[in-house]
file final01.txt (compact mmCIF, C-alpha atoms and all ligand atoms)
# COMPACT_ATOMS: atom_id res chain seq x y z
CA MET A 2 -5.09 -45.25 32.85
CA LEU A 3 -4.17 -44.82 29.17
CA LYS A 4 -7.83 -45.36 28.27
CA ASP A 5 -8.85 -42.56 30.66
CA LEU A 6 -6.30 -40.25 29.11
CA LEU A 7 -7.48 -41.05 25.59
CA ILE A 8 -11.11 -40.40 26.56
CA LYS A 9 -10.05 -37.08 28.08
CA LEU A 10 -8.12 -36.09 24.97
CA LYS A 11 -10.85 -36.94 22.47
CA LEU A 12 -11.96 -33.91 20.46
CA LYS A 13 -15.47 -32.96 21.50
CA SER A 14 -16.88 -31.33 18.37
CA LYS A 15 -16.04 -29.74 15.02
CA ILE A 16 -16.45 -26.03 14.47
CA LEU A 17 -16.15 -23.96 11.32
CA VAL A 18 -15.08 -20.36 11.84
CA ILE A 19 -15.74 -17.73 9.17
CA ALA A 20 -13.74 -14.64 10.16
CA GLY A 21 -10.77 -12.35 9.58
CA SER A 22 -7.13 -12.96 10.46
CA ASP A 23 -5.42 -10.81 13.11
CA SER A 24 -1.65 -10.79 12.60
CA SER A 25 -1.11 -9.92 16.28
CA GLY A 26 -2.73 -13.23 17.26
CA GLY A 27 -5.05 -11.80 19.89
CA ALA A 28 -8.34 -11.50 18.03
CA GLY A 29 -9.98 -12.83 14.87
CA ILE A 30 -9.33 -16.30 13.50
CA GLN A 31 -6.29 -16.68 15.74
CA ALA A 32 -8.31 -16.08 18.91
CA ASP A 33 -11.04 -18.36 17.58
CA ILE A 34 -8.71 -21.31 16.94
CA LYS A 35 -6.97 -20.87 20.32
CA THR A 36 -10.29 -20.75 22.15
CA ILE A 37 -11.89 -23.69 20.38
CA THR A 38 -8.73 -25.77 20.80
CA SER A 39 -8.31 -24.85 24.45
CA LEU A 40 -11.88 -25.93 25.11
CA GLY A 41 -11.28 -29.30 23.46
CA SER A 42 -12.85 -28.99 20.03
CA TYR A 43 -11.61 -28.99 16.44
CA ALA A 44 -11.46 -25.72 14.46
CA MET A 45 -11.73 -25.26 10.69
CA THR A 46 -11.50 -21.85 9.07
CA ALA A 47 -12.70 -19.73 6.19
CA ILE A 48 -10.66 -16.52 6.22
CA THR A 49 -12.57 -13.46 5.06
CA ALA A 50 -9.81 -10.85 5.31
CA VAL A 51 -6.21 -10.48 6.40
CA THR A 52 -5.62 -7.61 8.77
CA VAL A 53 -2.20 -6.16 9.47
CA GLN A 54 -2.33 -5.13 13.10
CA ASN A 55 -0.65 -5.14 16.44
CA THR A 56 -1.93 -4.33 19.90
CA LYS A 57 -1.72 -0.60 19.08
CA GLY A 58 -3.95 -0.60 16.02
CA VAL A 59 -4.92 -1.82 12.56
CA LYS A 60 -2.54 -0.84 9.74
CA SER A 61 -4.39 -2.35 6.80
CA VAL A 62 -7.06 -4.83 5.78
CA ALA A 63 -6.78 -7.02 2.65
CA SER A 64 -10.02 -8.70 1.64
CA ILE A 65 -10.16 -12.25 0.40
CA SER A 66 -12.37 -12.57 -2.69
CA PRO A 67 -15.99 -13.55 -1.95
CA ASN A 68 -15.67 -16.63 -4.19
CA GLU A 69 -12.61 -17.84 -2.30
CA ILE A 70 -14.47 -17.35 0.98
CA GLN A 71 -17.36 -19.43 -0.29
CA ASN A 72 -14.95 -22.09 -1.56
CA GLN A 73 -13.20 -22.33 1.80
CA ILE A 74 -16.55 -22.82 3.54
CA THR A 75 -18.04 -25.40 1.21
CA PHE A 76 -14.87 -27.34 0.40
CA SER A 77 -13.88 -27.81 4.05
CA ALA A 78 -17.38 -28.44 5.31
CA GLN A 79 -18.40 -30.98 2.67
CA ASP A 80 -15.50 -33.13 3.89
CA ILE A 81 -15.66 -32.54 7.66
CA LYS A 82 -19.21 -31.61 8.62
CA PRO A 83 -19.21 -28.89 11.29
CA ASP A 84 -21.38 -29.30 14.40
CA ALA A 85 -21.54 -25.53 14.68
CA ILE A 86 -20.41 -22.41 12.86
CA LYS A 87 -19.01 -19.20 14.29
CA ILE A 88 -19.13 -16.11 12.09
CA GLY A 89 -16.98 -13.07 12.77
CA MET A 90 -15.83 -10.25 10.51
CA LEU A 91 -17.73 -10.00 7.21
CA HIS A 92 -16.63 -6.71 5.70
CA SER A 93 -18.71 -6.30 2.55
CA LYS A 94 -22.15 -6.93 1.07
CA LEU A 95 -20.79 -9.45 -1.44
CA VAL A 96 -19.04 -11.45 1.27
CA ILE A 97 -22.24 -11.64 3.32
CA LYS A 98 -24.20 -12.74 0.24
CA LYS A 99 -21.74 -15.57 -0.40
CA VAL A 100 -21.86 -16.60 3.26
CA LEU A 101 -25.67 -16.65 3.14
CA VAL A 102 -25.60 -18.93 0.09
CA SER A 103 -23.03 -21.21 1.75
CA LEU A 104 -24.99 -21.46 5.00
CA LYS A 105 -28.10 -22.46 3.08
CA LYS A 106 -26.17 -25.28 1.38
CA LEU A 107 -24.53 -26.55 4.59
CA LYS A 108 -27.70 -26.75 6.68
CA THR A 109 -25.71 -26.56 9.93
CA LYS A 110 -28.24 -25.52 12.58
CA LYS A 111 -26.03 -24.08 15.32
CA ILE A 112 -24.66 -20.74 14.17
CA VAL A 113 -23.27 -17.91 16.32
CA LEU A 114 -22.75 -14.50 14.73
CA ASP A 115 -20.39 -11.95 16.25
CA PRO A 116 -21.28 -8.90 14.14
CA VAL A 117 -17.78 -7.37 14.22
CA MET A 118 -17.82 -3.77 12.99
CA VAL A 119 -15.11 -1.84 14.82
CA ALA A 120 -11.72 -3.00 16.15
CA LYS A 121 -10.79 -2.32 19.78
CA GLY A 122 -8.54 0.58 18.69
CA GLY A 123 -11.51 2.23 16.91
CA ALA A 124 -10.84 1.24 13.27
CA ARG A 125 -14.02 0.60 11.28
CA LEU A 126 -13.89 -2.90 9.80
CA ILE A 127 -16.99 -3.12 7.59
CA ASP A 128 -18.91 -0.84 5.21
CA LYS A 129 -22.47 0.56 5.52
CA GLU A 130 -24.01 -1.73 2.92
CA ALA A 131 -22.68 -4.73 4.84
CA VAL A 132 -24.29 -3.48 8.06
CA LYS A 133 -27.65 -3.22 6.26
CA LEU A 134 -27.43 -6.80 5.00
CA ILE A 135 -26.43 -8.14 8.43
CA LYS A 136 -29.46 -6.39 9.88
CA ASN A 137 -31.97 -7.41 7.21
CA ASP A 138 -30.80 -10.85 6.10
CA LEU A 139 -28.23 -12.46 8.35
CA ILE A 140 -29.28 -12.02 11.97
CA GLN A 141 -32.55 -13.87 11.26
CA LYS A 142 -30.66 -16.96 10.02
CA VAL A 143 -28.37 -17.56 13.00
CA SER A 144 -29.00 -19.05 16.45
CA LEU A 145 -27.38 -16.22 18.41
CA ILE A 146 -25.93 -12.76 17.78
CA THR A 147 -23.36 -11.26 20.14
CA PRO A 148 -23.02 -7.52 19.43
CA ASN A 149 -21.00 -5.24 21.71
CA ILE A 150 -22.57 -1.93 22.68
CA PRO A 151 -21.48 0.15 19.64
CA GLU A 152 -22.60 -2.69 17.32
CA ALA A 153 -25.98 -3.00 19.07
CA GLU A 154 -26.36 0.78 18.66
CA VAL A 155 -25.64 0.60 14.93
CA LEU A 156 -28.00 -2.35 14.41
CA THR A 157 -30.91 -0.86 16.38
CA GLY A 158 -30.38 2.89 16.03
CA CYS A 159 -30.75 3.17 19.85
CA LYS A 160 -28.21 4.88 22.10
CA ILE A 161 -27.02 2.67 24.98
CA TYR A 162 -25.89 4.31 28.21
CA ASN A 163 -26.85 1.72 30.83
CA LYS A 164 -28.21 -1.76 31.57
CA GLU A 165 -31.82 -0.76 30.87
CA ASP A 166 -30.82 0.54 27.42
CA MET A 167 -29.05 -2.77 26.78
CA VAL A 168 -32.26 -4.69 27.55
CA PHE A 169 -34.26 -2.33 25.32
CA ALA A 170 -31.80 -2.78 22.42
CA ALA A 171 -31.80 -6.57 22.89
CA ASN A 172 -35.61 -6.52 22.56
CA GLU A 173 -35.33 -4.41 19.42
CA LEU A 174 -32.97 -7.03 17.93
CA ILE A 175 -35.52 -9.76 18.72
CA LYS A 176 -38.16 -7.62 16.96
CA LEU A 177 -35.84 -7.48 13.93
CA GLY A 178 -35.94 -11.28 13.85
CA ALA A 179 -32.94 -12.38 15.91
CA LYS A 180 -33.63 -15.68 17.74
CA ASN A 181 -31.27 -15.13 20.68
CA VAL A 182 -29.26 -12.06 21.60
CA LEU A 183 -26.29 -11.52 23.89
CA ILE A 184 -25.38 -7.84 24.21
CA LYS A 185 -21.88 -7.53 25.66
CA GLY A 186 -21.25 -4.81 28.17
CA GLY A 187 -17.47 -4.46 28.01
CA HIS A 188 -17.79 -0.92 26.60
CA LEU A 189 -20.11 0.36 29.31
CA ASN A 190 -18.53 2.56 31.92
CA ALA A 191 -19.56 0.65 35.04
CA ARG A 192 -17.95 -0.98 38.08
CA LYS A 193 -19.00 -4.51 37.05
CA VAL A 194 -19.38 -5.95 33.55
CA THR A 195 -22.86 -6.87 32.47
CA ASP A 196 -23.80 -9.06 29.52
CA ILE A 197 -27.48 -9.46 28.65
CA PHE A 198 -29.00 -12.62 27.16
CA LEU A 199 -32.48 -12.44 25.73
CA ASN A 200 -34.90 -14.39 23.54
CA LYS A 201 -38.70 -14.39 23.22
CA SER A 202 -39.24 -16.44 26.38
CA ASP A 203 -36.07 -16.07 28.45
CA PHE A 204 -33.90 -13.35 29.88
CA LYS A 205 -30.73 -13.35 31.93
CA ILE A 206 -28.32 -10.70 33.15
CA PHE A 207 -24.76 -11.98 33.64
CA THR A 208 -22.69 -9.86 36.01
CA SER A 209 -18.94 -10.41 36.32
CA LYS A 210 -15.93 -8.77 37.83
CA ARG A 211 -14.50 -5.96 35.67
CA TYR A 212 -10.70 -5.82 35.48
CA LYS A 213 -8.91 -2.50 35.14
CA THR A 214 -6.71 -3.45 32.21
CA ASN A 215 -5.98 -2.50 28.61
CA ASN A 216 -5.44 -6.15 27.79
CA THR A 217 -8.82 -7.03 26.38
CA HIS A 218 -7.86 -7.39 22.71
CA GLY A 219 -10.03 -10.10 21.18
CA THR A 220 -12.40 -10.60 24.11
CA GLY A 221 -15.38 -10.49 21.73
CA CYS A 222 -13.97 -13.11 19.33
CA THR A 223 -12.88 -15.25 22.25
CA LEU A 224 -16.33 -15.08 23.83
CA SER A 225 -18.28 -15.96 20.68
CA SER A 226 -15.94 -18.88 19.95
CA ALA A 227 -16.24 -20.18 23.50
CA ILE A 228 -20.05 -19.93 23.30
CA THR A 229 -20.04 -21.75 19.93
CA THR A 230 -17.87 -24.51 21.40
CA PHE A 231 -20.11 -25.08 24.45
CA PHE A 232 -23.22 -24.86 22.25
CA SER A 233 -21.76 -27.37 19.76
CA CYS A 234 -21.22 -29.82 22.63
CA GLY A 235 -24.88 -29.81 23.61
CA LYS A 236 -25.20 -27.03 26.18
CA SER A 237 -28.20 -24.71 25.89
CA LEU A 238 -27.41 -21.27 24.48
CA LYS A 239 -28.03 -19.58 27.82
CA ARG A 240 -25.67 -21.97 29.63
CA ALA A 241 -23.13 -21.71 26.78
CA CYS A 242 -23.16 -17.90 27.23
CA GLU A 243 -22.66 -18.27 30.99
CA LEU A 244 -19.71 -20.65 30.54
CA GLY A 245 -18.26 -18.53 27.71
CA ILE A 246 -18.34 -15.41 29.88
CA LYS A 247 -16.54 -17.27 32.68
CA TYR A 248 -13.89 -18.48 30.23
CA VAL A 249 -13.28 -14.93 28.92
CA ASN A 250 -13.24 -13.48 32.43
CA LEU A 251 -10.45 -15.86 33.45
CA SER A 252 -8.64 -15.21 30.15
CA ILE A 253 -8.55 -11.49 30.98
CA LEU A 254 -7.52 -12.12 34.58
CA THR A 255 -4.55 -14.24 33.48
CA ASN A 256 -3.57 -12.07 30.46
CA PRO A 257 0.15 -12.21 29.63
CA LYS A 258 0.67 -8.40 29.41
CA TYR A 259 2.06 -8.54 25.87
CA GLY A 260 2.36 -5.48 23.61
CA LYS A 261 2.17 -1.76 24.19
CA GLY A 262 -1.49 -1.22 23.37
CA HIS A 263 -4.58 -3.37 23.88
CA GLY A 264 -2.81 -6.62 24.73
CA PRO A 265 -4.18 -10.13 24.18
CA VAL A 266 -5.85 -12.38 26.74
CA ASN A 267 -4.68 -15.82 27.85
CA HIS A 268 -6.59 -18.45 25.89
CA ILE A 269 -4.92 -21.50 27.39
CA HIS A 270 -5.88 -21.11 31.04
CA SER A 271 -8.29 -24.03 30.62
CA ILE A 272 -5.55 -26.45 29.50
CA GLU A 273 -3.66 -28.69 31.85
CA ILE A 274 -0.22 -29.16 30.27
CA LYS A 275 1.10 -32.66 30.74
CA LYS A 276 4.45 -32.98 32.47
CA LYS A 277 6.21 -34.56 29.52
CA PHE A 278 5.60 -31.41 27.41
CA LYS A 279 6.75 -28.96 30.07
N1 LIG B 301 -12.38 -5.13 31.61
C1 LIG B 301 -13.11 -6.26 31.57
N2 LIG B 301 -13.18 -7.06 32.66
C2 LIG B 301 -13.92 -8.20 32.63
N3 LIG B 301 -14.64 -8.60 31.56
C3 LIG B 301 -14.63 -7.84 30.45
C4 LIG B 301 -13.85 -6.63 30.38
N4 LIG B 301 -14.01 -6.10 29.15
C5 LIG B 301 -14.83 -6.94 28.46
N5 LIG B 301 -15.20 -7.97 29.25
C6 LIG B 301 -16.05 -9.11 28.85
O1 LIG B 301 -15.54 -9.62 27.64
C7 LIG B 301 -16.59 -10.06 26.80
C8 LIG B 301 -16.50 -9.34 25.46
O2 LIG B 301 -17.05 -8.06 25.62
P1 LIG B 301 -16.64 -6.77 24.81
O3 LIG B 301 -17.73 -5.78 25.06
O4 LIG B 301 -15.25 -6.39 25.14
O5 LIG B 301 -16.69 -7.32 23.32
P2 LIG B 301 -16.09 -6.70 22.02
O6 LIG B 301 -16.13 -5.21 22.09
O7 LIG B 301 -16.81 -7.33 20.88
O8 LIG B 301 -14.59 -7.16 22.03
P3 LIG B 301 -13.56 -7.02 20.80
O9 LIG B 301 -12.89 -5.72 20.98
O10 LIG B 301 -12.67 -8.16 20.98
O11 LIG B 301 -14.33 -7.05 19.54
C9 LIG B 301 -17.88 -9.78 27.55
O12 LIG B 301 -18.28 -10.94 28.25
C10 LIG B 301 -17.48 -8.69 28.52
O13 LIG B 301 -18.31 -8.68 29.64
MG MG B 302 -16.07 -7.49 18.93
call {"tool": "encode", "arguments": {"input": "final01.txt", "output": "structure tokens"}}
result
Amino acid sequence: MLKDLLIKLKLKSKILVIAGSDSSGGAGIQADIKTITSLGSYAMTAITAVTVQNTKGVKSVASISPNEIQNQITFSAQDIKPDAIKIGMLHSKLVIKKVLVSLKKLKTKKIVLDPVMVAKGGARLIDKEAVKLIKNDLIQKVSLITPNIPEAEVLTGCKIYNKEDMVFAANELIKLGAKNVLIKGGHLNARKVTDIFLNKSDFKIFTSKRYKTNNTHGTGCTLSSAITTFFSCGKSLKRACELGIKYVNLSILTNPKYGKGHGPVNHIHSIEIKKKFK
């Protein structure tokens, strides 16, 4: 009995997250840690920026120095070797350069990049030079990129109005050198939500129920962390995307309705809380 419990509670993998902090707790590093933990893995972090925000918007962003970001990555990872890395908000060219150098040193193969550019409330989170470097140098070095529709538009220069445009843009990203692409359809005005997975030899359209709610703060961070966790545990990227989408869908469905703006989702729906902690 106790043995069963201990097997169940064993951490499944180790994940390093490189991303920004969200003081409201719904997105960024906070969403990443909650997701990875809820799915049974161990999260380490390298914080790239500290945002002051709540569910109604971003008030300010304080950058962490590129050297400190690199130090967080290498110092943590040389001690506890990550099975996979999730990358979120990288706001400047220098930060991306330091991350590229660090990734080369670490040699971790499984890397998921969520190319965060704009916050849910509309605030721009990275500069133009950074976008260029993501496009020309970073997307080629990761296993999967997970842009939302506005990010896919910026990266490809294509306008996206429907599912067909999403597929076209995903192909353009593969042409730019991305190995696997998941374009997220949360921003599309449609009855169902569609996320499109594509690589050179495989293609899959995931269709899920769309909820009429404002409480989708951090869905992108949550999804990419969930995918990284499943991927780190040995699932294929396509299957990891499918499971990640299901996890996010249930997180939105069970959202706690906190805040007066874009409220957070419920990251812990996957956890069974033991009686003695209730
Ligand atoms: N209203 C909704 N109902 C169901 N699923 C949704 C809804 N909105 C987004 N999703 C799902 O959430 C995931 C994240 O997609 P989204 O397009 O919101 O990412 P994002 O814009 O990067 O999010 P964020 O604002 O956190 O950066 C996708 O799987 C998408 O299908
Ligand atoms: Mg996002």
call {"tool": "atom_distance", "arguments": {"input": "final01.txt", "atom1": "atom P1 of ligand LIG 301 (chain B)", "atom2": "atom CA of A:Lys57"}}
result
17.1 Å
call {"tool": "residues_near_ligand", "arguments": {"input": "final01.txt", "ligand": "ligand LIG 301 (chain B)", "cutoff": "9 Å", "atoms": "all atoms listed in the file", "output": "compact mmCIF listing (two decimals) with C-alpha atoms, in the frame of the given file"}}
result
# COMPACT_ATOMS: atom_id res chain seq x y z
CA GLY A 27 -5.05 -11.80 19.89
CA ALA A 28 -8.34 -11.50 18.03
CA GLY A 29 -9.98 -12.83 14.87
CA ASP A 115 -20.39 -11.95 16.25
CA PRO A 116 -21.28 -8.90 14.14
CA VAL A 117 -17.78 -7.37 14.22
CA MET A 118 -17.82 -3.77 12.99
CA VAL A 119 -15.11 -1.84 14.82
CA ALA A 120 -11.72 -3.00 16.15
CA LYS A 121 -10.79 -2.32 19.78
CA GLY A 122 -8.54 0.58 18.69
CA THR A 147 -23.36 -11.26 20.14
CA PRO A 148 -23.02 -7.52 19.43
CA ASN A 149 -21.00 -5.24 21.71
CA ILE A 150 -22.57 -1.93 22.68
CA PRO A 151 -21.48 0.15 19.64
CA GLU A 152 -22.60 -2.69 17.32
CA ILE A 184 -25.38 -7.84 24.21
CA LYS A 185 -21.88 -7.53 25.66
CA GLY A 186 -21.25 -4.81 28.17
CA GLY A 187 -17.47 -4.46 28.01
CA HIS A 188 -17.79 -0.92 26.60
CA LEU A 189 -20.11 0.36 29.31
CA LYS A 193 -19.00 -4.51 37.05
CA VAL A 194 -19.38 -5.95 33.55
CA THR A 195 -22.86 -6.87 32.47
CA ASP A 196 -23.80 -9.06 29.52
CA PHE A 207 -24.76 -11.98 33.64
CA THR A 208 -22.69 -9.86 36.01
CA SER A 209 -18.94 -10.41 36.32
CA LYS A 210 -15.93 -8.77 37.83
CA ARG A 211 -14.50 -5.96 35.67
CA TYR A 212 -10.70 -5.82 35.48
CA LYS A 213 -8.91 -2.50 35.14
CA THR A 214 -6.71 -3.45 32.21
CA ASN A 215 -5.98 -2.50 28.61
CA ASN A 216 -5.44 -6.15 27.79
CA THR A 217 -8.82 -7.03 26.38
CA HIS A 218 -7.86 -7.39 22.71
CA GLY A 219 -10.03 -10.10 21.18
CA THR A 220 -12.40 -10.60 24.11
CA GLY A 221 -15.38 -10.49 21.73
CA CYS A 222 -13.97 -13.11 19.33
CA THR A 223 -12.88 -15.25 22.25
CA LEU A 224 -16.33 -15.08 23.83
CA SER A 225 -18.28 -15.96 20.68
CA CYS A 242 -23.16 -17.90 27.23
CA GLU A 243 -22.66 -18.27 30.99
CA GLY A 245 -18.26 -18.53 27.71
CA ILE A 246 -18.34 -15.41 29.88
CA LYS A 247 -16.54 -17.27 32.68
CA TYR A 248 -13.89 -18.48 30.23
CA VAL A 249 -13.28 -14.93 28.92
CA ASN A 250 -13.24 -13.48 32.43
CA LEU A 251 -10.45 -15.86 33.45
CA ILE A 253 -8.55 -11.49 30.98
CA LEU A 254 -7.52 -12.12 34.58
call {"tool": "closest_residue", "arguments": {"input": "final01.txt", "among": "A:Asn172, A:Ser226, A:Asn267, A:Ser39", "to": "ligand MG 302 (chain B)", "atoms": "only C-alpha atoms and all ligand atoms"}}
result
A:Ser226
call {"tool": "atom_distance", "arguments": {"input": "final01.txt", "atom1": "atom CA of A:Lys180", "atom2": "atom CA of A:Arg125"}}
result
26.3 Å
call {"tool": "atom_distance", "arguments": {"input": "final01.txt", "atom1": "atom CA of A:Ile74", "atom2": "atom CA of A:Leu145"}}
result
19.5 Å
call {"tool": "residues_around", "arguments": {"input": "final01.txt", "residues": "A:Gln71", "least_positions_apart": "6", "cutoff": "10 Å", "atoms": "all atoms listed in the file", "output": "PyMOL selection string"}}
result
chain A and resi 19+47-49+96-104
call {"tool": "write_last_selection", "arguments": {"input": "final01.txt", "atoms": "C-alpha atoms", "output": "mmCIF file, in the frame of the given file"}}
result
data_model
loop_
_atom_site.group_PDB
_atom_site.id
_atom_site.type_symbol
_atom_site.label_atom_id
_atom_site.label_comp_id
_atom_site.auth_asym_id
_atom_site.auth_seq_id
_atom_site.Cartn_x
_atom_site.Cartn_y
_atom_site.Cartn_z
ATOM 1 C CA ILE A 19 -15.740 -17.730 9.170
ATOM 2 C CA ALA A 47 -12.700 -19.730 6.190
ATOM 3 C CA ILE A 48 -10.660 -16.520 6.220
ATOM 4 C CA THR A 49 -12.570 -13.460 5.060
ATOM 5 C CA VAL A 96 -19.040 -11.450 1.270
ATOM 6 C CA ILE A 97 -22.240 -11.640 3.320
ATOM 7 C CA LYS A 98 -24.200 -12.740 0.240
ATOM 8 C CA LYS A 99 -21.740 -15.570 -0.400
ATOM 9 C CA VAL A 100 -21.860 -16.600 3.260
ATOM 10 C CA LEU A 101 -25.670 -16.650 3.140
ATOM 11 C CA VAL A 102 -25.600 -18.930 0.090
ATOM 12 C CA SER A 103 -23.030 -21.210 1.750
ATOM 13 C CA LEU A 104 -24.990 -21.460 5.000
#
call {"tool": "closest_residue", "arguments": {"input": "final01.txt", "among": "A:Asn181, A:Ser93, A:Ser22, A:Asn200", "to": "A:Ile112", "atoms": "only C-alpha atoms"}}
result
A:Asn181
call {"tool": "closest_residue", "arguments": {"input": "final01.txt", "among": "A:Ile206, A:Met90, A:Ala170, A:Gly178", "to": "ligand MG 302 (chain B)", "atoms": "all atoms listed in the file"}}
result
A:Met90
call {"tool": "closest_residue", "arguments": {"input": "final01.txt", "among": "A:Lys87, A:Thr56, A:Lys275, A:Ile34", "to": "A:Lys258", "atoms": "only C-alpha atoms"}}
result
A:Thr56
call {"tool": "closest_residue", "arguments": {"input": "final01.txt", "among": "A:Val266, A:Ala124, A:Val143, A:Leu12", "to": "A:Ile86", "atoms": "all atoms listed in the file"}}
result
A:Val143
call {"tool": "closest_residue", "arguments": {"input": "final01.txt", "among": "A:Lys261, A:Ile88, A:Glu173, A:Lys279", "to": "ligand MG 302 (chain B)", "atoms": "all atoms listed in the file"}}
result
A:Ile88
call {"tool": "residues_around", "arguments": {"input": "final01.txt", "residues": "A:Ile30", "least_positions_apart": "2", "cutoff": "6 Å", "atoms": "all atoms listed in the file", "output": "compact mmCIF listing (two decimals) with C-alpha atoms, keeping the file's coordinate frame"}}
result
# COMPACT_ATOMS: atom_id res chain seq x y z
CA ALA A 20 -13.74 -14.64 10.16
CA GLY A 21 -10.77 -12.35 9.58
CA SER A 22 -7.13 -12.96 10.46
CA ALA A 32 -8.31 -16.08 18.91
CA ASP A 33 -11.04 -18.36 17.58
call {"tool": "residues_around", "arguments": {"input": "final01.txt", "residues": "A:Lys35", "least_positions_apart": "6", "cutoff": "9 Å", "atoms": "all atoms listed in the file", "output": "list in words"}}
result
Ala44, Thr223, His268 and Ile269 of chain A
call {"tool": "write_last_selection", "arguments": {"input": "final01.txt", "atoms": "C-alpha atoms", "output": "mmCIF file, keeping the file's coordinate frame"}}
result
data_model
loop_
_atom_site.group_PDB
_atom_site.id
_atom_site.type_symbol
_atom_site.label_atom_id
_atom_site.label_comp_id
_atom_site.auth_asym_id
_atom_site.auth_seq_id
_atom_site.Cartn_x
_atom_site.Cartn_y
_atom_site.Cartn_z
ATOM 1 C CA ALA A 44 -11.460 -25.720 14.460
ATOM 2 C CA THR A 223 -12.880 -15.250 22.250
ATOM 3 C CA HIS A 268 -6.590 -18.450 25.890
ATOM 4 C CA ILE A 269 -4.920 -21.500 27.390
#
